[in-house]
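Contents: one structure, followed by commentary.
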Amino acid sequence: MQTLEEVLERYEAVIGLEVHTELTTLETKMFCGCKLEFGAEPNTHTCPVCLGLPGALPVPNKAAIESIVLAGLATNCDIEKHSMFYRKNYMYPDMAKNFQTTQGPVAFCMRGHLDLEVGGAAAKERHGLAGAKAGDAFENVTVTEEGYRAHVGITRIHMEEDAGKMVHVGGEEGRIAGATHSLVDYNRAGTPLIELVTEPDLRTPEEARLFMQKLRQIYLTLGISDCSMEEGSLRCDGNVSLRRRGSTELGTKTELKNINSFKSLHDGLLYEIRRQAQVLDEGGIIYQETRHWDPSAKRTIVMRVKETADDYRLFPEPDLAPYDLSDEFISRVRAKLPELPDDKAARFQEEFGLSAYDAQHLVEHRSTASFFEACMADADKKLAKPVANLIINDVTAWLNANADASLEDSALTPARAVQLVGLVDAGAISSKQGKEVFAAVLEEDADPKAIVEERGMEQVSDTGAIEAVVDAVLAENPDKVEQYKGGKMGLIGFFVGQCMKQMQGKGNPQLINQLLEEKLS
Amino acid sequence: MTQHLTESEVRGIAEYTRIGMTEDEVAQMTVDLNSIIDSLEPIREYQLDGVEPTFHPIGSLSNVMREDVEAAGFTQEEALANAPKQQNGSFLIPAILGDGGDR
Amino acid sequence: MAALGTPFGQMSVAQLQAGLAAKEFSCHEVAAATLDVIEEADAPLHAFLEVTRDAALAAADALDARVDADAFAQAGALAGVPVGYKDNMNLVGTHTTCASNMLESYVSPYTATCVAKTLQAGAVPVGKLNMDEFAFGSSTETSAFGPTLNPWDATRVPGGSSGGSAAAVAAGLVPVALGSDTGGSIRQPASFCGVVGVKPTYGMVSRYGVVAFGSSLDQVGPFARTVEDAALALNAICGHDPLDCTSQPCSVDFTANLSEGVKGMKVGIIPAFMEAEGLSAEVKAKVEEAAAKLEAAGAELREVELPNAKAAISAYYVLGPCEAFSNLARFDSVRYGYSDPGHKDLGSQYEASRAKGFGLEARRRIMLGSYLLSAGVYEQYYYPAQQVRTLITEDYMKAFDQVDCLLAPAAPRTAFKFGEMAEPAEMYLSDMFTISINIAGNGGMSMPVGLGAESGLPVGVQLMGPAFKDENMLRVAAELERIYGPAPVAPGFKAGE
């Protein structure tokens with residue numbers, strides 16, 4: 001198979017996403033008062049409604065409707081005042097009523113969008129950027145200094161309910177294929193679910209990944225879901241098709257399922273684009289089918305071929321009254337909108353003079369953004385950049401390496417972080433020492449100043465003391481001094497190293513440098 | 001009588017609604033359904049341009065919702081009391097062949 | 001021929017409660033005697049699918065223990081009254097079969113709101129009543145457990161789908177029963193059995209816990225032999241239920257205006273109904289007679305048009321099956337209901353269970369609904385049927401701008417013989433006068449007005465009222481009751497006659 005770059009040279013990849021999110025932060029299910037809880041004993045959170053017993057009727061959860069309106073407002077959607085629930089009829093054992101209650105042509109949220117900032121190596125994947133300069137615009141793209149900004153349309157976000165869970169027994173690894181029987185648990189059945197559908201505006205696997213990350217960030221900021229891809233509270237299907245460059249006709253798409261991480265989404269789409277290109281290049285046909293991403297085999301496999309369009313016999317749910325949302329309801333929800341990541345990033349740039357890149361990274365996680373704000377509450381604004389660096393580099397690396405760790409519960413308090421950054425900024429310790437102190441703070445739960453003192457790390461910035469060492473080093477290495485003066489300027493590093501060695505690493509490197517240059521000139 | 005549905009289409013509907021049928025039953029059902037659908041024809045001859053549909057009778061109701069408050073439900077035993085088959089607190093079903101739709 | 005039933009079952013609610021209040025008998029005695037008679041007398045009639053002896057005696061004993069006879073009036077509108085429930089209503093711990101093999105062994109783990117409300121009002125639940133399977137039918141012949149006989153003539157059907165409810169009340173087994181009405185399923189059997197049957201305005205009674213047939217059409221209502229008893233039962237069951245989004249508040253006392261008479265009321269006659277093909281001469285004559293007597297009693301008669309009502313039957317046989325198809329999808333052999341044994345894969349278990357669990361009419365309606373909702377067909381039938389609903393609703397609104405109540409036939413003819421209606425489409429016509437009101441959602445009721453001149457069988461006239469003004473039709477019904485006398489207990493029959 002060809003590389004992505006080779007494929008995208010000749011084909012345009014057209015990608016759309018369908019993102020299902022369980023509203024896990026609510027107390028109860030969508031249409032009944034059963035508790036929402038992940039991992040409970042099977043069938044302990046059920047009632048006539050979510051078991052689909054004869055005679056049971058649904059009553060919608062108001063907080064779920066507020067959540068989806070919140071999601072719509074945060075993703076620039078129009079909120080439709082008039083909408084209805086529909087029944088989507090198909091028989092499957094995890095769906096107690098054998099129809100899913102969902103929405104019809106009009107969803108609560110319609111016609112939204114998110115703008116993605118694509119930078120670095122990923123920006124090169126997008127075709128047509130070569131030679132473009134910042135400010136240029138084409139398709140849904142605006143070129144920026146770091147890469148480009150892509151405008152991704154959101155078709156709709158609609159409200160629905162999740163199905164129960166099945167365990168397949170008797171086959172391999174819990175797979176449905178080969179299983180002799182299955183066990184059904186309806187605890188999850190009826191969990192409020194919002195489905196976001198994008199326009200087919202995405203063109204690279206990286207854009208798809210960035211979209212999902214950004215959406216997750218927004219949902220977490222709104223507090224409407226725990227957005228765990230692992231536990232299935234955030235799920236994503238990708239539709240992808242290829243078309244020859246220059247063609248406007250959409251190719252046949254395949255649907256990618258079983259995506260349980262951002263990496264799977266990226267890798268699955270990447271594989272699918274390359275696979276489709278190979279099929280097309282060989283004169284083959286792409287079938288409209290559902291494919292399953294197998295991360296261990298690193299390939300997609302066919303789940304089922306859609307010979308005809310599914311006919312779900314959709315019709316308005318007669319048991320539920322239609323919606324006629326008032327302006328007052330919508331503005332009450334709007335008032336609950338927290339500061340969204342993009343707005344926060346803009347404020348960080350404005351208020352603290354951070355770069356767009358730094359600001360975006362800080363707001364990528366709610367915890368890092370609020371940590372930064374806590375740090376800067378009392379700190380000197382000139383420390384904003386080093387504090388941001390500490391968070392973006394050291395803290396993020398530490399969080400990535402310690403999956404279970406949380407910044408809130410760690411020994412690194414905002415005050416300690418500011419103290420640490422202050423020590424480096426004042427030249428009391430080197431930035432390399434700063435990293436050691438950072439690790440020690442987390443390890444020993446102590447203040448940076450105490451660690452520096454205890455370990456005797458305080459930098460020597462006394463010119464007299466350093467001068468003596470510099471003189472001694474130069475005296476010990478007359479041949480190297482000759483070579484330096486003869487033009488081998490690189491030897492400066494050797495002299496600095498020797499001085500540091502004699503001072504057990506405590507010498508202020510700037511001062512050493514400065515004195516060496518004076519004496520050697 | 002108009003042939004609205006062929007036997008093959010009726011067989012398709014039986015599959016979709018998961019009702020097993022013999023060939024004789026399909027034949028009789030085809031006759032019955034065609035006769036009933038014939039009697040529905042007035043609905044298609046009605047002049048309905050510009051008429052809004054009424055999906056919910058007594059149209060004054062809207063926005064009916066409940067607060068997000070937990071209500072008493074079933075114990076596991078109650079939930080499974082009518083289960084034809086059960087195992088380990090779950091409903092037990094035989095193997096699922098093929099697949100059932102949008103998942 | 002001795003009348004079937006008990007002295008208790010033949011009493012009105014007021015008579016029963018007077019006796020209970022005066023301690024002439026206890027609730028336990030009423031319940032026990034009623035249960036005994038049902039168990040004996042119902043064998044040939046087959047109105048009951050289950051006699052809930054334990055639940056009845058427990059309720060009666062609790063009432064006896066709780067209620068100070070001097071304060072009996074406070075014990076609830078139905079205190080001590082034996083009540084039967086159509087078998088599509090859940091009552092915890094009892095079977096709810098919908099007269100289907102699919103649910104033969106199903107035991108309700110919860111109670112329907114309408115049932116719970118009668119129990120709160122002091123009712124004594126004596127049993128579950130026969131019906132057409134899942135309410136699909138107009139004769140109770142589609143019950144998987146055998147039909148109910150008409151207490152007036154054992155060779156004839158009691159009507160349906162709430163045939164068991166109508167027959168039990170007509171036979172004097174219980175003073176009050178609940179039924180449900182999707183296209184006439186309370187009014188037509190009430191007419192066939194000569195009792196009062198009320199389908200309230202859609203939304204007045206909670207549907208929670210009543211097994212759904214057509215969700216936008218179904219409504220629960222009472223059967224009784226007197227208008228007052230029906231009104232008392234209605235008082236007990238109506239009102240908003242937080243578990244049913246389509247239910248609405250109701251604070252009317254339906255007994256309040258029963259004695260007011262009809263002087264000054266405007267009663268509408270629908271000429272197109274009176275000239276309808278298929279309306280028998282004896283029923284037509286009875287409706288005309290009732291109209292004349294109401295006029296004599298001071299009502300003003302007016303002719304009103306329902307120009308779109310003629311589309312109601314086709315709209316109904318689109319909407320009903322579509323909703324039923326979806327409502328009955330849940331019967332899949334997984335969580336409850338009939339599960340055909342021995343299948344290695346779910347697909348074949350589904351198909352065998354649903355083939356054997358559902359009767360022919362249920363399968364027919366499921367498949368019809370599935371077809372009517374399919375892509376490309378939806379636009380031709382379902383959508384126009386909902387547009388027709390708009391027109392019919394507007395027709396009724398305009399009619400009730402002119403009149404307080406409408407008077408019409410309930411059924412085109414009196415009770416027919418078993419097996420007489422062989423074709424589904426023919427059977428569907430027996431609801432021709434009742435269906436349009438379900439489409440619009442207004443209340444309607446059947447009121448007995450004596451026996452047909454030809455058949456000698458009960459005839460009911462249908463009264464219909466403005467939405468949520470069901471007291472209008474009850475007031476007219478009360479006048480008819482004063483004119484014709486209260487509905488007699490069916491003269492009885494001998495099994496096999």
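Numbering starts fresh at 1 for the residues of each chain in the structure tokens, the chains themselves are lettered A, B, ... in the order given, and ligands are numbered from 1 as they appear.
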*asked:* Near chain B, meaning an atom within 8 Å, which residues of chain A appear when counting only C-alpha atoms? Write them as a ChimeraX atom specification.
replied: /A:26-28,32-35,41-48,51,59-63,90-92,176-177,179-185,304,310,316,318,320-325
*Could you please select, counting only C-alpha atoms, the residues of chain C within 6 Å of chain A and state them as a VMD selection string?*
chain C and resid 208 to 212 215 to 216 245 329 to 330 373 to 374
Mind dumping the selected residues with all heavy atoms as a compact mmCIF listing (two decimals), in the first residue's frame?
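Result file is result_3.txt:
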# COMPACT_ATOMS: atom_id res chain seq x y z
N TYR C 208 -50.22 4.66 31.57
CA TYR C 208 -49.06 3.96 32.12
C TYR C 208 -49.48 2.61 32.71
O TYR C 208 -50.37 2.55 33.57
CB TYR C 208 -48.38 4.80 33.21
CG TYR C 208 -47.11 4.16 33.71
CD1 TYR C 208 -45.93 4.25 32.98
CD2 TYR C 208 -47.08 3.44 34.91
CE1 TYR C 208 -44.76 3.65 33.41
CE2 TYR C 208 -45.91 2.83 35.35
CZ TYR C 208 -44.76 2.93 34.59
OH TYR C 208 -43.60 2.33 35.02
N GLY C 209 -48.87 1.57 32.21
CA GLY C 209 -49.18 0.23 32.72
C GLY C 209 -50.27 -0.49 31.95
O GLY C 209 -50.62 -1.61 32.28
N VAL C 210 -50.83 0.19 30.95
CA VAL C 210 -51.82 -0.45 30.08
C VAL C 210 -51.09 -0.84 28.80
O VAL C 210 -50.50 0.02 28.14
CB VAL C 210 -52.98 0.51 29.75
CG1 VAL C 210 -54.02 -0.18 28.87
CG2 VAL C 210 -53.61 1.03 31.04
N VAL C 211 -51.09 -2.11 28.47
CA VAL C 211 -50.29 -2.58 27.33
C VAL C 211 -50.77 -1.86 26.07
O VAL C 211 -51.95 -1.91 25.73
CB VAL C 211 -50.38 -4.10 27.18
CG1 VAL C 211 -49.48 -4.58 26.04
CG2 VAL C 211 -49.98 -4.78 28.49
N ALA C 212 -49.84 -1.20 25.41
CA ALA C 212 -50.21 -0.30 24.32
C ALA C 212 -50.58 -1.05 23.06
O ALA C 212 -49.98 -2.05 22.70
CB ALA C 212 -49.04 0.65 24.04
N SER C 215 -50.76 3.94 20.52
CA SER C 215 -50.46 4.87 21.61
C SER C 215 -51.16 6.21 21.48
O SER C 215 -51.46 6.85 22.49
CB SER C 215 -48.95 5.09 21.68
OG SER C 215 -48.28 3.86 21.76
N SER C 216 -51.41 6.66 20.26
CA SER C 216 -52.05 7.97 20.10
C SER C 216 -53.57 7.86 20.09
O SER C 216 -54.27 8.85 19.92
CB SER C 216 -51.56 8.65 18.82
OG SER C 216 -52.13 8.02 17.68
N CYS C 245 -46.61 11.07 29.79
CA CYS C 245 -46.44 12.42 29.23
C CYS C 245 -47.69 12.95 28.56
O CYS C 245 -47.80 14.14 28.31
CB CYS C 245 -45.37 12.41 28.15
SG CYS C 245 -43.73 12.25 28.77
N ALA C 329 -43.16 -4.85 19.02
CA ALA C 329 -41.81 -5.35 18.70
C ALA C 329 -41.11 -5.86 19.96
O ALA C 329 -40.24 -6.71 19.88
CB ALA C 329 -40.99 -4.23 18.05
N ARG C 330 -41.51 -5.35 21.11
CA ARG C 330 -40.83 -5.72 22.35
C ARG C 330 -41.07 -7.18 22.75
O ARG C 330 -40.37 -7.71 23.60
CB ARG C 330 -41.25 -4.78 23.48
CG ARG C 330 -42.70 -4.90 23.88
CD ARG C 330 -43.09 -3.81 24.87
NE ARG C 330 -42.92 -2.49 24.27
CZ ARG C 330 -42.86 -1.36 24.95
NH1 ARG C 330 -42.94 -1.37 26.27
NH2 ARG C 330 -42.73 -0.19 24.33
N LEU C 373 -45.13 1.72 7.20
CA LEU C 373 -44.10 2.65 7.65
C LEU C 373 -42.82 2.54 6.82
O LEU C 373 -41.87 3.28 7.05
CB LEU C 373 -43.75 2.39 9.12
CG LEU C 373 -44.78 2.84 10.15
CD1 LEU C 373 -44.39 2.33 11.53
CD2 LEU C 373 -44.88 4.36 10.17
N SER C 374 -42.78 1.62 5.87
CA SER C 374 -41.52 1.41 5.18
C SER C 374 -41.24 2.56 4.21
O SER C 374 -42.13 3.33 3.85
CB SER C 374 -41.53 0.05 4.46
OG SER C 374 -42.59 -0.01 3.55
*asked:* Quick one: residues within 6 Å of A:His292, only C-alpha atoms, excluding same-chain residues fewer than 2 positions away - as a PyMOL selection string?
replied: chain A and resi 256-258+300-301
Could you take the residues named above and write them with C-alpha atoms, as a CSV table (one decimal), in the first residue's frame?
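And here's result.csv as it stands now:
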chain,number,residue,atom,x,y,z
A,256,LEU,CA,-15.4,2.4,10.6
A,257,LYS,CA,-16.5,1.1,13.9
A,258,ASN,CA,-14.9,-0.1,17.2
A,300,THR,CA,-9.8,-3.0,9.2
A,301,ILE,CA,-12.1,-6.1,8.7
*Using DSSP on the backbone coordinates, identify the residues of stretch 156-200 of chain A assigned to strand (DSSP E or B); present them as JSON, numbers by chain.*
{"A": [156, 157, 158, 159, 160, 161, 165, 166, 167, 168, 169, 181, 182, 183, 184, 185, 192, 193, 194, 195, 196, 197, 198]}
Could you take the residues named above and write them with N, CA, C and O atoms, as a CSV table (one decimal), in the first residue's frame?
chain,number,residue,atom,x,y,z
A,156,ARG,N,-25.7,18.1,12.9
A,156,ARG,CA,-26.7,18.1,13.9
A,156,ARG,C,-26.2,17.4,15.2
A,156,ARG,O,-25.2,16.7,15.1
A,157,ILE,N,-26.8,17.7,16.3
A,157,ILE,CA,-26.7,16.9,17.5
A,157,ILE,C,-28.1,16.5,18.0
A,157,ILE,O,-28.9,17.4,18.2
A,158,HIS,N,-28.3,15.2,18.0
A,158,HIS,CA,-29.6,14.8,18.5
A,158,HIS,C,-29.6,14.0,19.7
A,158,HIS,O,-28.6,13.4,20.1
A,159,MET,N,-30.8,13.9,20.4
A,159,MET,CA,-30.9,13.2,21.7
A,159,MET,C,-31.4,11.8,21.4
A,159,MET,O,-32.4,11.7,20.6
A,160,GLU,N,-30.8,10.9,22.1
A,160,GLU,CA,-31.3,9.5,22.0
A,160,GLU,C,-31.0,8.7,23.2
A,160,GLU,O,-30.6,9.3,24.2
A,161,GLU,N,-31.2,7.4,23.2
A,161,GLU,CA,-30.9,6.6,24.4
A,161,GLU,C,-29.9,5.5,24.0
A,161,GLU,O,-30.0,5.0,22.9
A,165,LYS,N,-26.1,-3.8,27.5
A,165,LYS,CA,-24.8,-4.4,27.2
A,165,LYS,C,-24.9,-5.9,27.0
A,165,LYS,O,-25.6,-6.5,27.8
A,166,MET,N,-24.1,-6.4,26.1
A,166,MET,CA,-24.2,-7.9,25.9
A,166,MET,C,-22.8,-8.5,26.1
A,166,MET,O,-21.8,-7.9,25.8
A,167,VAL,N,-22.8,-9.6,26.7
A,167,VAL,CA,-21.5,-10.4,26.9
A,167,VAL,C,-21.7,-11.7,26.0
A,167,VAL,O,-22.7,-12.4,26.2
A,168,HIS,N,-20.8,-11.9,25.1
A,168,HIS,CA,-21.0,-13.0,24.2
A,168,HIS,C,-20.1,-14.2,24.7
A,168,HIS,O,-18.9,-14.0,25.0
A,169,VAL,N,-20.7,-15.3,24.9
A,169,VAL,CA,-20.1,-16.4,25.6
A,169,VAL,C,-19.9,-17.6,24.7
A,169,VAL,O,-20.7,-17.9,23.8
A,181,HIS,N,-23.9,-18.4,23.0
A,181,HIS,CA,-25.0,-17.6,23.6
A,181,HIS,C,-24.5,-16.3,24.1
A,181,HIS,O,-23.3,-16.0,24.2
A,182,SER,N,-25.4,-15.4,24.5
A,182,SER,CA,-25.1,-14.1,25.0
A,182,SER,C,-25.9,-13.8,26.2
A,182,SER,O,-27.0,-14.3,26.4
A,183,LEU,N,-25.3,-12.9,27.0
A,183,LEU,CA,-26.0,-12.5,28.3
A,183,LEU,C,-26.3,-11.0,28.1
A,183,LEU,O,-25.4,-10.2,27.7
A,184,VAL,N,-27.5,-10.6,28.5
A,184,VAL,CA,-27.9,-9.2,28.3
A,184,VAL,C,-28.1,-8.6,29.6
A,184,VAL,O,-28.8,-9.1,30.5
A,185,ASP,N,-27.6,-7.4,29.7
A,185,ASP,CA,-27.7,-6.6,30.9
A,185,ASP,C,-28.2,-5.2,30.5
A,185,ASP,O,-27.6,-4.5,29.7
A,192,PRO,N,-28.9,8.4,28.7
A,192,PRO,CA,-29.0,9.5,27.8
A,192,PRO,C,-27.8,9.6,26.9
A,192,PRO,O,-26.6,9.5,27.3
A,193,LEU,N,-28.0,9.7,25.6
A,193,LEU,CA,-27.0,9.7,24.6
A,193,LEU,C,-27.2,10.8,23.6
A,193,LEU,O,-28.3,11.0,23.2
A,194,ILE,N,-26.1,11.6,23.4
A,194,ILE,CA,-26.2,12.6,22.3
A,194,ILE,C,-25.4,12.2,21.1
A,194,ILE,O,-24.2,11.7,21.3
A,195,GLU,N,-25.9,12.3,20.0
A,195,GLU,CA,-25.1,11.9,18.8
A,195,GLU,C,-24.9,13.1,17.9
A,195,GLU,O,-25.8,13.8,17.5
A,196,LEU,N,-23.6,13.4,17.7
A,196,LEU,CA,-23.2,14.5,16.9
A,196,LEU,C,-22.7,14.0,15.6
A,196,LEU,O,-22.0,13.0,15.5
A,197,VAL,N,-23.2,14.6,14.5
A,197,VAL,CA,-22.9,14.2,13.1
A,197,VAL,C,-22.2,15.3,12.5
A,197,VAL,O,-22.7,16.4,12.4
A,198,THR,N,-21.0,15.1,11.9
A,198,THR,CA,-20.3,16.2,11.2
A,198,THR,C,-20.7,16.2,9.8
A,198,THR,O,-21.1,15.2,9.2
*asked:* Using only C-alpha atoms and a cut-off of 7 Å, which residues of chain C sit close to chain B? Please list them as a ChimeraX atom specification.
replied: /C:106-107,109,216,245,311,314-315,333-336,339,344-347,350-352,354-355,367-368,370-371,380-381,383-387,389-390,425,440-441
*Test item, helix (DSSP H, G or I) assignment across stretch 267-494 of chain C, answer as a PyMOL selection string*: chain C and resi 271-274+281-296+309-330+346-357+360-372+382-402+424-431+435-440+470-484
*Which of these residues is nearest to C:Met432, using only C-alpha atoms: C:Cys250, C:Ala410, C:Leu451, C:Val304?*
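Looking at the shortest contact to C:Met432, the residue is C:Ala410.
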*Non-local contacts of A:Ile451 (9 Å; only C-alpha atoms; under 6 positions in same chain excluded) as a list in words*: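 Using only C-alpha atoms, the neighbours found are Val437, Ala440, Val441, Glu444 and Met457 of chain A.
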Store the residues picked out above, limited to all heavy atoms, as a JSON list (two decimals), in the first residue's frame.
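What follows is the written file part_3.json:
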[["chain", "number", "residue", "atom", "x", "y", "z"],
["A", 437, "VAL", "N", 14.33, 19.21, 40.59],
["A", 437, "VAL", "CA", 13.49, 19.67, 41.70],
["A", 437, "VAL", "C", 12.01, 19.32, 41.44],
["A", 437, "VAL", "O", 11.30, 18.89, 42.34],
["A", 437, "VAL", "CB", 13.67, 21.19, 41.91],
["A", 437, "VAL", "CG1", 12.70, 21.71, 42.97],
["A", 437, "VAL", "CG2", 15.10, 21.50, 42.30],
["A", 440, "ALA", "N", 11.45, 15.90, 42.34],
["A", 440, "ALA", "CA", 11.56, 15.72, 43.80],
["A", 440, "ALA", "C", 10.32, 16.23, 44.52],
["A", 440, "ALA", "O", 9.88, 15.63, 45.51],
["A", 440, "ALA", "CB", 12.82, 16.44, 44.30],
["A", 441, "VAL", "N", 9.75, 17.33, 44.02],
["A", 441, "VAL", "CA", 8.53, 17.86, 44.65],
["A", 441, "VAL", "C", 7.44, 16.79, 44.63],
["A", 441, "VAL", "O", 6.78, 16.53, 45.64],
["A", 441, "VAL", "CB", 8.05, 19.13, 43.91],
["A", 441, "VAL", "CG1", 6.64, 19.51, 44.35],
["A", 441, "VAL", "CG2", 9.01, 20.29, 44.16],
["A", 444, "GLU", "N", 8.66, 13.74, 46.92],
["A", 444, "GLU", "CA", 8.83, 13.92, 48.38],
["A", 444, "GLU", "C", 7.76, 14.79, 49.01],
["A", 444, "GLU", "O", 7.76, 14.97, 50.23],
["A", 444, "GLU", "CB", 10.21, 14.54, 48.65],
["A", 444, "GLU", "CG", 11.35, 13.63, 48.22],
["A", 444, "GLU", "CD", 12.69, 14.39, 48.18],
["A", 444, "GLU", "OE1", 12.78, 15.47, 48.81],
["A", 444, "GLU", "OE2", 13.60, 13.90, 47.49],
["A", 457, "MET", "N", 21.70, 22.70, 46.21],
["A", 457, "MET", "CA", 21.70, 22.93, 44.77],
["A", 457, "MET", "C", 21.85, 24.39, 44.39],
["A", 457, "MET", "O", 21.99, 24.71, 43.21],
["A", 457, "MET", "CB", 20.37, 22.42, 44.18],
["A", 457, "MET", "CG", 20.24, 20.93, 44.23],
["A", 457, "MET", "SD", 18.58, 20.50, 43.79],
["A", 457, "MET", "CE", 18.80, 20.04, 42.11]]
*Find the residues around A:Ala379 up to 12 Å (only C-alpha atoms counted), leave out those fewer than 3 positions away in its own chain, and share them as a ChimeraX atom specification.*
/A:352,372-376,382-387,414-422
Deliver the residues from the most recent selection as a file, using N, CA, C and O atoms, as a short mmCIF file (atom, residue, chain, number, x, y, z; two decimals), in the first residue's frame.
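So the final result, stored in again.cif, reads:
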data_model
loop_
_atom_site.label_atom_id
_atom_site.label_comp_id
_atom_site.auth_asym_id
_atom_site.auth_seq_id
_atom_site.Cartn_x
_atom_site.Cartn_y
_atom_site.Cartn_z
N PHE A 352 -1.93 37.15 29.37
CA PHE A 352 -0.58 36.77 29.84
C PHE A 352 0.47 36.82 28.74
O PHE A 352 1.61 36.43 28.96
N PHE A 372 -2.98 26.40 35.60
CA PHE A 372 -2.27 27.60 35.15
C PHE A 372 -2.91 28.85 35.76
O PHE A 372 -2.22 29.74 36.27
N GLU A 373 -4.22 28.88 35.76
CA GLU A 373 -4.90 30.05 36.31
C GLU A 373 -4.65 30.19 37.80
O GLU A 373 -4.47 31.30 38.30
N ALA A 374 -4.60 29.05 38.48
CA ALA A 374 -4.35 29.10 39.92
C ALA A 374 -2.94 29.61 40.18
O ALA A 374 -2.70 30.40 41.11
N CYS A 375 -1.98 29.19 39.36
CA CYS A 375 -0.59 29.65 39.49
C CYS A 375 -0.51 31.17 39.30
O CYS A 375 0.15 31.88 40.05
N MET A 376 -1.23 31.63 38.28
CA MET A 376 -1.07 33.04 37.90
C MET A 376 -1.92 33.97 38.75
O MET A 376 -1.84 35.19 38.60
N LYS A 382 5.31 38.17 34.61
CA LYS A 382 6.48 37.82 33.79
C LYS A 382 6.78 36.32 33.91
O LYS A 382 7.52 35.76 33.11
N LEU A 383 6.22 35.67 34.94
CA LEU A 383 6.43 34.22 35.09
C LEU A 383 5.45 33.39 34.24
O LEU A 383 5.53 32.17 34.20
N ALA A 384 4.52 34.07 33.56
CA ALA A 384 3.48 33.34 32.81
C ALA A 384 4.08 32.37 31.81
O ALA A 384 3.69 31.20 31.75
N LYS A 385 5.02 32.84 31.05
CA LYS A 385 5.62 31.99 30.01
C LYS A 385 6.35 30.78 30.65
O LYS A 385 6.07 29.64 30.25
N PRO A 386 7.26 31.00 31.65
CA PRO A 386 7.88 29.82 32.25
C PRO A 386 6.89 28.89 32.97
O PRO A 386 7.06 27.67 32.94
N VAL A 387 5.85 29.47 33.58
CA VAL A 387 4.85 28.60 34.23
C VAL A 387 4.16 27.76 33.15
O VAL A 387 3.97 26.55 33.30
N PRO A 414 -0.12 24.82 43.04
CA PRO A 414 0.21 26.01 42.24
C PRO A 414 1.32 26.84 42.91
O PRO A 414 2.23 27.32 42.23
N ALA A 415 1.28 26.98 44.22
CA ALA A 415 2.29 27.78 44.93
C ALA A 415 3.69 27.19 44.72
O ALA A 415 4.67 27.92 44.49
N ARG A 416 3.78 25.88 44.80
CA ARG A 416 5.08 25.22 44.60
C ARG A 416 5.57 25.40 43.16
O ARG A 416 6.76 25.59 42.91
N ALA A 417 4.63 25.30 42.23
CA ALA A 417 5.01 25.46 40.83
C ALA A 417 5.58 26.85 40.60
O ALA A 417 6.61 27.02 39.94
N VAL A 418 4.92 27.86 41.17
CA VAL A 418 5.38 29.24 40.99
C VAL A 418 6.75 29.42 41.65
O VAL A 418 7.66 30.05 41.10
N GLN A 419 6.91 28.82 42.82
CA GLN A 419 8.18 28.91 43.54
C GLN A 419 9.31 28.30 42.71
O GLN A 419 10.39 28.88 42.56
N LEU A 420 9.02 27.14 42.13
CA LEU A 420 10.01 26.44 41.33
C LEU A 420 10.41 27.28 40.12
O LEU A 420 11.61 27.49 39.84
N VAL A 421 9.41 27.79 39.43
CA VAL A 421 9.68 28.61 38.25
C VAL A 421 10.46 29.86 38.66
O VAL A 421 11.39 30.29 37.96
N GLY A 422 10.12 30.42 39.82
CA GLY A 422 10.80 31.62 40.33
C GLY A 422 12.27 31.36 40.59
O GLY A 422 13.13 32.20 40.28
#
*Choose the residue, out of C:Arg53, C:Arg225, C:Lys128, C:Lys469, that has the smallest atom-to-atom separation from C:Ala490; count only C-alpha atoms.*
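Checking each of C:Arg53, C:Arg225, C:Lys128, C:Lys469 against C:Ala490, counting only C-alpha atoms, the winner is C:Arg225.
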*asked:* Could you list, as an MDAnalysis selection string, every residue within 6 Å of stretch 72-83 of chain A, counting only C-alpha atoms and ignoring same-chain residues fewer than 6 positions away?
replied: chainID A and resid 106 108:113 323:325
*For C:Val287, work out the shell of residues within 9 Å, counting only C-alpha atoms and skipping chain neighbours fewer than 6 positions away, then give it as a PyMOL selection string.*
chain C and resi 274+407-409+449+459-462
*At what distance in Å, to one decimal, does atom CA of C:Ile483 lie from atom CA of C:Lys398?*
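A separation of 29.2 Å between them.
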